[in-house]
$ cat target_28.csv   # CSV, C-alpha atoms and all ligand atoms
chain,number,residue,atom,x,y,z
L,15,MET,CA,0.0,0.0,0.0
L,16,LYS,CA,2.6,2.5,-1.0
L,17,ASN,CA,1.4,6.0,-1.2
L,18,LYS,CA,2.3,6.7,-4.8
L,19,SER,CA,1.1,3.4,-6.1
L,20,PHE,CA,-2.4,4.6,-6.8
L,21,ASN,CA,-2.4,7.4,-9.3
L,22,THR,CA,-5.7,6.7,-11.0
L,23,VAL,CA,-8.9,8.1,-9.8
L,24,SER,CA,-11.3,6.0,-11.7
L,25,ASP,CA,-12.0,3.6,-8.9
L,26,VAL,CA,-12.7,6.2,-6.3
L,27,THR,CA,-15.9,8.0,-6.1
L,28,MET,CA,-16.0,11.5,-4.6
L,29,THR,CA,-19.2,12.1,-2.7
L,30,LYS,CA,-21.7,14.2,-4.4
L,31,SER,CA,-19.6,16.1,-6.7
L,32,PRO,CA,-20.6,19.3,-4.7
L,33,ASP,CA,-17.4,18.6,-2.8
L,34,TYR,CA,-15.5,18.9,-5.9
L,35,ASP,CA,-17.3,22.0,-7.1
L,36,HIS,CA,-16.8,23.6,-3.7
L,37,LYS,CA,-13.1,23.0,-4.1
L,38,HIS,CA,-13.1,24.9,-7.3
L,39,LEU,CA,-15.2,27.6,-5.7
L,40,GLY,CA,-12.6,27.7,-2.9
L,41,ARG,CA,-9.9,28.2,-5.4
L,42,ARG,CA,-11.8,30.9,-7.2
L,43,HIS,CA,-12.4,32.7,-4.0
L,44,PHE,CA,-8.8,32.6,-3.3
L,45,LEU,CA,-7.8,33.8,-6.7
L,46,LYS,CA,-10.2,36.7,-6.3
L,47,GLN,CA,-8.0,37.9,-3.5
L,48,SER,CA,-5.6,39.2,-6.1
L,49,ALA,CA,-6.6,41.9,-8.5
L,50,THR,CA,-4.2,40.6,-11.2
L,51,THR,CA,-6.1,37.4,-11.7
L,52,ALA,CA,-9.5,38.7,-12.8
L,53,ALA,CA,-9.0,37.4,-16.3
L,54,LEU,CA,-7.8,34.0,-15.0
L,55,ILE,CA,-10.8,33.4,-12.8
L,56,ALA,CA,-12.8,32.3,-15.8
L,57,THR,CA,-10.2,29.6,-16.6
L,58,SER,CA,-10.7,26.9,-14.1
L,59,GLN,CA,-7.6,25.1,-15.3
L,60,PHE,CA,-5.3,27.8,-14.1
L,61,PRO,CA,-2.3,26.3,-12.4
L,62,PHE,CA,-2.9,27.2,-8.8
L,63,GLU,CA,0.5,26.1,-7.4
L,64,ALA,CA,2.4,28.4,-9.7
L,65,PHE,CA,0.2,31.3,-8.7
L,66,ALA,CA,0.7,30.5,-5.0
L,67,ALA,CA,4.5,30.4,-5.3
L,68,ASP,CA,4.6,33.7,-7.1
L,69,ASN,CA,2.7,35.5,-4.3
L,70,ALA,CA,4.3,33.6,-1.4
L,71,LYS,CA,0.9,32.3,-0.4
L,72,GLN,CA,0.3,28.8,0.5
L,73,SER,CA,-2.5,26.3,0.8
L,74,LEU,CA,-2.8,23.4,3.2
L,75,THR,CA,-5.2,20.4,2.8
L,76,ILE,CA,-6.1,18.9,6.1
L,77,LEU,CA,-7.5,15.3,5.9
L,78,HIS,CA,-9.0,13.6,8.9
L,79,THR,CA,-10.9,10.7,10.4
L,80,ASN,CA,-12.4,10.0,13.8
L,81,ASP,CA,-14.1,7.0,15.4
L,82,VAL,CA,-12.9,4.6,12.8
L,83,HIS,CA,-13.6,1.8,15.3
L,84,SER,CA,-11.5,-1.0,13.7
L,85,ARG,CA,-13.4,-0.7,10.4
L,86,LEU,CA,-10.7,-2.0,8.1
L,87,ASP,CA,-13.2,-3.4,5.5
L,88,PRO,CA,-16.0,-1.5,3.8
L,89,PHE,CA,-19.5,-2.2,5.1
L,90,PRO,CA,-20.8,-5.3,3.5
L,91,MET,CA,-23.2,-5.1,0.5
L,92,ASP,CA,-26.2,-6.3,2.5
L,93,GLY,CA,-28.7,-3.5,1.8
L,94,SER,CA,-27.9,-1.6,4.9
L,95,LYS,CA,-27.5,2.1,5.2
L,96,TYR,CA,-23.7,2.2,4.8
L,97,GLN,CA,-23.2,-0.7,2.5
L,98,GLY,CA,-20.0,-0.5,0.4
L,99,LEU,CA,-18.7,2.6,2.3
L,100,GLY,CA,-15.5,2.9,4.2
L,101,GLY,CA,-12.5,0.5,4.2
L,102,VAL,CA,-8.8,1.2,4.3
L,103,VAL,CA,-8.3,0.3,0.6
L,104,ALA,CA,-10.7,3.0,-0.6
L,105,ARG,CA,-9.4,5.5,2.0
L,106,GLU,CA,-5.8,4.9,0.9
L,107,LYS,CA,-6.7,5.5,-2.8
L,108,LEU,CA,-8.6,8.7,-1.9
L,109,ILE,CA,-5.7,10.0,0.3
L,110,SER,CA,-3.1,9.2,-2.3
L,111,LYS,CA,-5.1,10.9,-5.0
L,112,ILE,CA,-5.4,14.1,-2.9
L,113,ARG,CA,-1.7,13.9,-2.0
L,114,ASN,CA,-0.8,13.7,-5.6
L,115,GLU,CA,-2.9,16.8,-6.4
L,116,GLU,CA,-2.0,19.0,-3.4
L,117,GLU,CA,1.5,20.2,-2.4
L,118,TYR,CA,0.9,20.3,1.3
L,119,THR,CA,-1.4,17.9,3.1
L,120,LEU,CA,-1.8,16.8,6.7
L,121,LEU,CA,-3.5,13.6,7.9
L,122,LEU,CA,-5.0,13.4,11.4
L,123,ASP,CA,-7.3,11.2,13.5
L,124,ALA,CA,-9.4,12.2,16.5
L,125,GLY,CA,-9.5,8.9,18.4
L,126,ASP,CA,-11.5,5.7,18.9
L,127,ILE,CA,-9.3,3.8,16.6
L,128,PHE,CA,-10.2,0.6,18.4
L,129,GLN,CA,-13.3,-1.5,19.0
L,130,GLY,CA,-16.2,-2.4,16.7
L,131,THR,CA,-15.2,-5.3,14.5
L,132,PRO,CA,-13.7,-8.8,15.0
L,133,TYR,CA,-10.4,-7.4,13.8
L,134,PHE,CA,-10.1,-5.7,17.2
L,135,ASN,CA,-11.3,-8.8,19.1
L,136,PHE,CA,-8.8,-11.1,17.4
L,137,TYR,CA,-5.8,-8.8,16.8
L,138,LYS,CA,-6.2,-6.3,19.6
L,139,GLY,CA,-5.6,-3.2,17.5
L,140,GLU,CA,-2.3,-4.1,15.7
L,141,PRO,CA,-3.7,-4.0,12.2
L,142,GLU,CA,-5.4,-0.6,12.9
L,143,MET,CA,-2.1,0.9,14.0
L,144,LYS,CA,-0.2,-0.6,11.1
L,145,VAL,CA,-2.7,0.6,8.6
L,146,MET,CA,-2.6,4.2,10.0
L,147,SER,CA,1.2,4.1,9.8
L,148,MET,CA,1.1,2.9,6.2
L,149,LEU,CA,-1.4,5.7,5.4
L,150,LYS,CA,1.1,8.0,7.0
L,151,TYR,CA,-1.1,9.6,9.6
L,152,GLU,CA,0.8,12.5,11.2
L,153,ALA,CA,-0.9,12.7,14.6
L,154,ALA,CA,-3.8,11.2,16.5
L,155,THR,CA,-5.5,11.6,19.9
L,156,LEU,CA,-7.0,9.0,22.1
L,157,GLY,CA,-10.6,8.1,22.5
L,158,ASN,CA,-12.3,6.3,25.3
L,159,HIS,CA,-12.4,3.0,23.4
L,160,ASP,CA,-8.7,3.1,22.8
L,161,PHE,CA,-8.5,2.0,26.5
L,162,ASP,CA,-10.7,-1.1,25.9
L,163,ASN,CA,-7.7,-3.4,26.5
L,164,GLY,CA,-6.4,-1.3,29.3
L,165,ILE,CA,-3.3,0.9,29.3
L,166,ASP,CA,-1.1,-2.1,28.7
L,167,GLY,CA,-3.1,-3.2,25.7
L,168,LEU,CA,-2.8,0.3,24.2
L,169,VAL,CA,0.9,0.6,24.9
L,170,LYS,CA,1.5,-2.7,23.2
L,171,GLN,CA,-0.2,-1.6,20.0
L,172,MET,CA,1.4,1.9,20.0
L,173,GLU,CA,4.7,0.1,19.1
L,174,HIS,CA,3.1,-0.2,15.7
L,175,ALA,CA,2.3,3.5,15.3
L,176,ASP,CA,4.8,5.6,13.4
L,177,PHE,CA,2.9,8.8,14.3
L,178,PRO,CA,2.6,10.7,17.6
L,179,PHE,CA,-0.3,10.5,20.0
L,180,VAL,CA,-1.2,13.9,21.5
L,181,ASN,CA,-3.2,14.7,24.6
L,182,CYS,CA,-2.8,17.7,27.0
L,183,ASN,CA,-5.5,17.1,29.6
L,184,TYR,CA,-4.8,13.6,30.8
L,185,ASP,CA,-2.0,13.3,33.4
L,186,PHE,CA,-0.2,10.1,32.4
L,187,GLY,CA,2.3,10.4,35.2
L,188,GLY,CA,3.5,7.1,36.6
L,189,THR,CA,1.7,5.0,33.9
L,190,ALA,CA,3.2,3.1,31.0
L,191,LEU,CA,1.7,5.7,28.7
L,192,GLU,CA,3.8,8.5,30.2
L,193,PRO,CA,6.8,8.2,27.8
L,194,LEU,CA,4.6,7.6,24.8
L,195,MET,CA,2.2,10.5,25.0
L,196,LYS,CA,2.9,14.2,24.2
L,197,PRO,CA,0.7,17.1,24.9
L,198,TYR,CA,1.3,18.4,21.4
L,199,THR,CA,3.3,17.9,18.3
L,200,ILE,CA,4.5,20.5,15.7
L,201,VAL,CA,4.7,19.9,12.0
L,202,ARG,CA,6.0,22.1,9.3
L,203,LYS,CA,4.3,22.3,5.9
L,204,GLY,CA,6.1,24.5,3.5
L,205,LYS,CA,6.6,27.8,5.5
L,206,ILE,CA,3.7,27.2,7.8
L,207,LYS,CA,4.4,25.9,11.3
L,208,ILE,CA,1.4,23.9,12.7
L,209,GLY,CA,0.9,23.1,16.3
L,210,ILE,CA,-1.3,20.1,17.0
L,211,LEU,CA,-2.6,19.4,20.5
L,212,GLY,CA,-5.1,16.8,21.8
L,213,VAL,CA,-7.9,16.7,24.4
L,214,GLY,CA,-9.8,13.7,25.7
L,215,ILE,CA,-13.1,13.1,27.4
L,216,GLU,CA,-13.5,12.3,31.1
L,217,LEU,CA,-12.9,8.5,31.3
L,218,ASN,CA,-14.5,8.0,34.7
L,219,GLY,CA,-18.0,6.6,34.0
L,220,LEU,CA,-17.2,5.7,30.3
L,221,VAL,CA,-14.3,3.3,30.8
L,222,PRO,CA,-13.9,0.8,33.7
L,223,GLU,CA,-11.4,2.3,36.2
L,224,LYS,CA,-9.1,-0.7,36.0
L,225,LEU,CA,-8.6,0.0,32.3
L,226,TYR,CA,-7.4,3.6,32.6
L,227,GLY,CA,-5.6,3.1,35.9
L,228,ASN,CA,-3.9,6.1,37.3
L,229,ILE,CA,-4.6,8.5,34.5
L,230,VAL,CA,-5.9,11.8,35.9
L,231,TYR,CA,-8.4,13.8,33.9
L,232,ASN,CA,-7.8,17.6,34.0
L,233,ASP,CA,-10.0,20.3,32.7
L,234,PRO,CA,-9.8,20.2,28.9
L,235,LEU,CA,-10.6,23.9,28.5
L,236,GLN,CA,-7.8,25.1,30.7
L,237,SER,CA,-5.3,22.5,29.4
L,238,ALA,CA,-6.1,23.2,25.8
L,239,ASN,CA,-5.9,27.0,26.3
L,240,GLU,CA,-2.6,26.7,28.1
L,241,THR,CA,-1.1,24.4,25.5
L,242,ALA,CA,-2.4,26.5,22.6
L,243,TYR,CA,-1.0,29.7,24.2
L,244,PHE,CA,2.4,27.9,24.5
L,245,LEU,CA,2.3,26.8,20.9
L,246,LYS,CA,1.3,30.3,19.7
L,247,HIS,CA,3.6,32.4,21.8
L,248,HIS,CA,6.6,30.2,22.7
L,249,LYS,CA,6.7,27.9,19.7
L,250,ARG,CA,5.5,30.6,17.3
L,251,CYS,CA,3.1,28.3,15.5
L,252,ASP,CA,1.2,29.9,12.6
L,253,TYR,CA,-1.9,27.6,12.9
L,254,ILE,CA,-3.1,25.5,15.8
L,255,ILE,CA,-5.3,22.4,15.5
L,256,CYS,CA,-6.9,20.6,18.4
L,257,LEU,CA,-7.7,16.9,18.0
L,258,SER,CA,-10.6,16.4,20.4
L,259,HIS,CA,-12.4,13.4,21.6
L,260,LEU,CA,-14.8,15.5,23.7
L,261,GLY,CA,-17.8,15.2,21.4
L,262,PHE,CA,-19.5,17.8,19.2
L,263,GLU,CA,-22.3,19.1,21.4
L,264,TYR,CA,-24.5,18.0,24.3
L,265,ASN,CA,-27.9,19.3,25.6
L,266,ASN,CA,-26.4,19.7,29.1
L,267,SER,CA,-23.4,21.5,30.5
L,268,LYS,CA,-21.0,18.8,29.6
L,269,VAL,CA,-17.9,20.2,27.9
L,270,SER,CA,-17.9,19.7,24.1
L,271,ASP,CA,-16.1,20.9,21.0
L,272,LYS,CA,-18.6,23.8,20.8
L,273,VAL,CA,-17.9,24.8,24.3
L,274,LEU,CA,-14.2,24.5,23.8
L,275,ALA,CA,-14.3,26.6,20.6
L,276,ARG,CA,-16.2,29.4,22.4
L,277,GLU,CA,-13.9,29.3,25.4
L,278,SER,CA,-10.7,29.0,23.5
L,279,GLU,CA,-8.0,31.3,22.4
L,280,HIS,CA,-5.4,30.6,19.8
L,281,ILE,CA,-7.0,27.4,18.5
L,282,ASN,CA,-7.9,27.7,14.8
L,283,LEU,CA,-9.4,24.3,14.1
L,284,ILE,CA,-11.0,21.5,16.2
L,285,ILE,CA,-11.0,18.1,14.6
L,286,GLY,CA,-13.6,16.3,16.7
L,287,GLY,CA,-14.8,12.8,17.5
L,288,HIS,CA,-16.8,10.7,20.0
L,289,THR,CA,-20.4,11.8,19.1
L,290,HIS,CA,-20.1,10.2,15.6
L,291,THR,CA,-21.5,13.5,14.2
L,292,PHE,CA,-21.7,13.7,10.4
L,293,LEU,CA,-21.2,17.4,9.7
L,294,GLU,CA,-22.0,18.5,6.2
L,295,THR,CA,-19.9,21.6,6.4
L,296,PRO,CA,-17.4,22.7,9.0
L,297,HIS,CA,-19.1,24.4,12.0
L,298,LYS,CA,-17.9,27.9,12.6
L,299,LEU,CA,-17.9,29.7,16.0
L,300,LYS,CA,-16.3,32.7,17.6
L,301,ASN,CA,-13.8,32.3,20.4
L,302,ARG,CA,-13.3,34.5,23.4
L,303,LYS,CA,-11.5,37.0,21.3
L,304,ASN,CA,-14.2,37.0,18.6
L,305,GLN,CA,-11.9,35.2,16.2
L,306,GLU,CA,-13.2,32.3,14.1
L,307,VAL,CA,-12.8,28.7,15.2
L,308,ILE,CA,-13.8,25.9,12.9
L,309,ILE,CA,-15.0,22.5,14.1
L,310,ASN,CA,-15.2,19.5,11.9
L,311,GLN,CA,-16.2,15.9,12.5
L,312,VAL,CA,-16.9,13.1,10.0
L,313,GLY,CA,-19.2,10.6,11.6
L,314,TRP,CA,-17.5,7.3,12.2
L,315,ALA,CA,-16.2,4.0,10.7
L,316,GLY,CA,-14.2,5.7,8.0
L,317,ILE,CA,-17.3,6.3,6.0
L,318,ASN,CA,-16.2,9.8,5.2
L,319,LEU,CA,-12.8,11.5,5.0
L,320,GLY,CA,-12.8,15.0,6.3
L,321,ARG,CA,-11.1,17.5,4.0
L,322,ILE,CA,-10.5,21.2,4.8
L,323,ASN,CA,-8.5,23.4,2.5
L,324,ILE,CA,-6.8,26.4,4.2
L,325,PHE,CA,-5.2,29.2,2.3
L,326,PHE,CA,-2.5,31.3,4.1
L,327,ASP,CA,-1.7,34.8,3.0
L,328,ASN,CA,1.9,36.0,2.6
L,329,ARG,CA,2.1,36.9,6.3
L,330,LYS,CA,1.3,33.2,7.1
L,331,HIS,CA,-2.1,34.2,8.4
L,332,CYS,CA,-5.1,32.0,7.6
L,333,ASP,CA,-6.8,33.8,4.8
L,334,TYR,CA,-9.6,31.6,3.7
L,335,VAL,CA,-11.0,28.2,4.5
L,336,SER,CA,-13.0,26.3,1.9
L,337,ASP,CA,-16.6,25.4,2.7
L,338,PHE,CA,-16.6,21.7,1.9
L,339,THR,CA,-15.9,19.1,4.4
L,340,ALA,CA,-16.5,15.4,3.9
L,341,ILE,CA,-15.7,13.0,1.0
L,342,GLU,CA,-17.4,9.7,1.0
L,343,VAL,CA,-15.0,6.8,1.0
L,344,ARG,CA,-16.2,4.3,-1.5
L,345,GLU,CA,-14.8,1.7,-3.8
L,346,PHE,CA,-16.2,1.9,-7.2
L,347,HIS,CA,-18.5,-1.1,-7.9
L,348,ILE,CA,-19.0,-2.1,-11.4
X,1,ZN,ZN,-16.6,6.3,18.9
$ encode --input "target_28.csv" --output "C-alpha cells" --more "lines below"
Ligand SMILES: [Zn+2]
Amino acid sequence: MKNKSFNTVSDVTMTKSPDYDHKHLGRRHFLKQSATTAALIATSQFPFEAFAADNAKQSLTILHTNDVHSRLDPFPMDGSKYQGLGGVVAREKLISKIRNEEEYTLLLDAGDIFQGTPYFNFYKGEPEMKVMSMLKYEAATLGNHDFDNGIDGLVKQMEHADFPFVNCNYDFGGTALEPLMKPYTIVRKGKIKIGILGVGIELNGLVPEKLYGNIVYNDPLQSANETAYFLKHHKRCDYIICLSHLGFEYNNSKVSDKVLARESEHINLIIGGHTHTFLETPHKLKNRKNQEVIINQVGWAGINLGRINIFFDNRKHCDYVSDFTAIEVREFHI
C-alpha cells in the first residue's frame, strides 16, 4: 500500500460532486484575493501552485478521520445504510489521489481507533495501528475506546504506530503511557508551522477504572488554552489544531467541542470525534476574542474522509477556509 502506487482516480468516487465543485469555488475565491487574476478566474484550469508560489501564499489540505472503530473493511453489501462505504483500501486511494494533487497535506485522527469489528477482538488493534502508519497519519489523539484493552493493551499496540499521539489534559504520570504521549506535536508544511494538540473526554464513567488506571483527567478547556498559548507564543506556530475526543455538542453542561471553541484562544481548528457526528460543512464559531474557530467531525467508521483546505496569506495568516468538508470513502463497484 505504497502512497504513490495509486495514481488513477477512476476507482474512487468522490461524494456528491458538490465537494469537488466547492473545491473549485474555494480556489476561485482565493484567486479573487488578487486583482491581477481577474481574467484568469474564468479559466478553471489555471495552475494554482504556480500562482501561490509567485505570491508567497500557501495552501494546506487537512485530511482527517475520527471514530474509525476498527473498520478496516467496507460495510458489507447487504442492503444496509452504509453498504459499500469505508474501508482502508478506498481510504488509501482517496488520500493518495489528494496527496498527488496538493502540495501540502496533513492527515489526522481524533480517536476511537479501536473497537467495533472482529479485527479488534482477534488482533487487539495491531492492524489498525499498522494501517494508520502505512497511510502516513501524522498525529492522533486517544478516544475512550482506545482503552478497551487497558493501558497495557494500548501501549503494546502503540509500538506499531509511526505517528505521535497527543493529549494535553490527561496526566499520564507514573503510567506506562507517560513516555509515549505528548501534549502536542509540531509539524511544518512549507513555510507554515502547525501546532497540533489533543484533548480527551472524562474517562470516569465511560471506561472501567481498572482499564485507565492512574490517568488523571484535567479540565480540557484550561489544558487546551494553556497548550495553545504555549504553541502560539513560545513555539511561534502559525496555525493551531486541536484533536478532540470531547464530542461535538450536548444538551447539558458537559464540555464539548462547541464549548471548547467558544472558550478557547489561539485554536484555529478543532477536529472532533466521540459523538459520531456527520457534519456536512465545518461548523464555525467565535472564540473568546471574537476570532473564528472551525469544528469538523466526519461521523464514524471511516465512511467519510474530512477535508479542509486552508489558504494562508503572505504573512502566514489563515486567509480563507474552503466550505466543503467530507468526502465519501467508497470503492467503485461495477
Ligand atoms: Zn466512537
$ closest_residue --input "target_28.csv" --among "L:Trp314, L:Pro222, L:Phe292, L:Glu106" --to "L:Gln129" --atoms "all atoms listed in the file"
L:Trp314
$ closest_atom_pairs --input "target_28.csv" --of "chain L" --to "ligand ZN 1 (chain X)" --cutoff "10 Å" --atoms "all atoms listed in the file" --output "tab-separated table"
residue	atom	partner	partner_atom	distance
L:Asn80	CA	X:ZN1	ZN	7.6
L:Asp81	CA	X:ZN1	ZN	4.4
L:Val82	CA	X:ZN1	ZN	7.3
L:His83	CA	X:ZN1	ZN	6.5
L:Ala124	CA	X:ZN1	ZN	9.6
L:Gly125	CA	X:ZN1	ZN	7.6
L:Asp126	CA	X:ZN1	ZN	5.1
L:Ile127	CA	X:ZN1	ZN	8.1
L:Phe128	CA	X:ZN1	ZN	8.6
L:Gln129	CA	X:ZN1	ZN	8.5
L:Gly130	CA	X:ZN1	ZN	9.0
L:Gly157	CA	X:ZN1	ZN	7.2
L:Asn158	CA	X:ZN1	ZN	7.7
L:His159	CA	X:ZN1	ZN	7.0
L:Asp160	CA	X:ZN1	ZN	9.4
L:His259	CA	X:ZN1	ZN	8.7
L:Gly261	CA	X:ZN1	ZN	9.3
L:Gly287	CA	X:ZN1	ZN	6.9
L:His288	CA	X:ZN1	ZN	4.5
L:Thr289	CA	X:ZN1	ZN	6.7
L:His290	CA	X:ZN1	ZN	6.2
L:Thr291	CA	X:ZN1	ZN	9.9
L:Gly313	CA	X:ZN1	ZN	8.9
L:Trp314	CA	X:ZN1	ZN	6.8
L:Ala315	CA	X:ZN1	ZN	8.5
$ residues_around --input "target_28.csv" --residues "stretch 132-140 of chain L" --least-positions-apart "3" --cutoff "7 Å" --atoms "all atoms listed in the file" --output "PDB file with C-alpha atoms, keeping the file's coordinate frame"
ATOM      1  CA  SER L  84     -11.500  -1.000  13.700  1.00  0.00           C
ATOM      2  CA  PHE L 128     -10.200   0.600  18.400  1.00  0.00           C
ATOM      3  CA  GLN L 129     -13.300  -1.500  19.000  1.00  0.00           C
ATOM      4  CA  MET L 143      -2.100   0.900  14.000  1.00  0.00           C
ATOM      5  CA  LYS L 144      -0.200  -0.600  11.100  1.00  0.00           C
ATOM      6  CA  GLN L 171      -0.200  -1.600  20.000  1.00  0.00           C
ATOM      7  CA  HIS L 174       3.100  -0.200  15.700  1.00  0.00           C
TER       8      HIS L 174
END
$ closest_residue --input "target_28.csv" --among "L:Phe89, L:Tyr253, L:Tyr334, L:Phe325" --to "L:Ser73" --atoms "only C-alpha atoms"
L:Phe325
$ residues_around --input "target_28.csv" --residues "stretch 298-306 of chain L" --least-positions-apart "5" --cutoff "10 Å" --atoms "all atoms listed in the file" --output "number ranges by chain"
L: 272-283
$ atom_distance --input "target_28.csv" --atom1 "atom CA of L:Gln97" --atom2 "atom CA of L:Ala340"
17.5 Å
$ atom_distance --input "target_28.csv" --atom1 "atom CA of L:Asn183" --atom2 "atom CA of L:Gly214"
6.7 Å
$ residues_near_point --input "target_28.csv" --point "(-18.4, 20.6, 19.6)" --cutoff "9 Å" --atoms "all atoms listed in the file" --output "number ranges by chain"
L: 258, 260-264, 269-275, 284, 286-287, 297, 309-311
$ atom_distance --input "target_28.csv" --atom1 "atom CA of L:Phe186" --atom2 "atom CA of L:Ala242"
19.2 Å
$ residues_near_point --input "target_28.csv" --point "(3.3, 8.5, 17.4)" --cutoff "12 Å" --atoms "all atoms listed in the file" --output "number ranges by chain"
L: 122-123, 143-144, 146-147, 150-156, 169, 171-181, 191, 193-199
$ closest_residue --input "target_28.csv" --among "L:Leu235, L:Pro296, L:Val230, L:Cys256" --to "L:Ile210" --atoms "only C-alpha atoms"
L:Cys256
$ residues_around --input "target_28.csv" --residues "L:Pro88" --least-positions-apart "3" --cutoff "9 Å" --atoms "only C-alpha atoms" --output "ChimeraX atom specification"
/L:85,91,96-104,315-317,343-345
$ closest_residue --input "target_28.csv" --among "L:Tyr231, L:Leu120, L:Asp162, L:Leu86" --to "L:Gly209" --atoms "all atoms listed in the file"
L:Leu120
$ closest_residue --input "target_28.csv" --among "L:Leu217, L:Asp233, L:Thr241, L:Ile165" --to "L:Ile200" --atoms "all atoms listed in the file"
L:Thr241
$ closest_residue --input "target_28.csv" --among "L:Ile255, L:Leu293, L:Leu168, L:Leu149" --to "L:Gly320" --atoms "only C-alpha atoms"
L:Leu293
$ residues_around --input "target_28.csv" --residues "L:Tyr118" --least-positions-apart "4" --cutoff "7 Å" --atoms "only C-alpha atoms" --output "PyMOL selection string"
chain L and resi 73-75+203
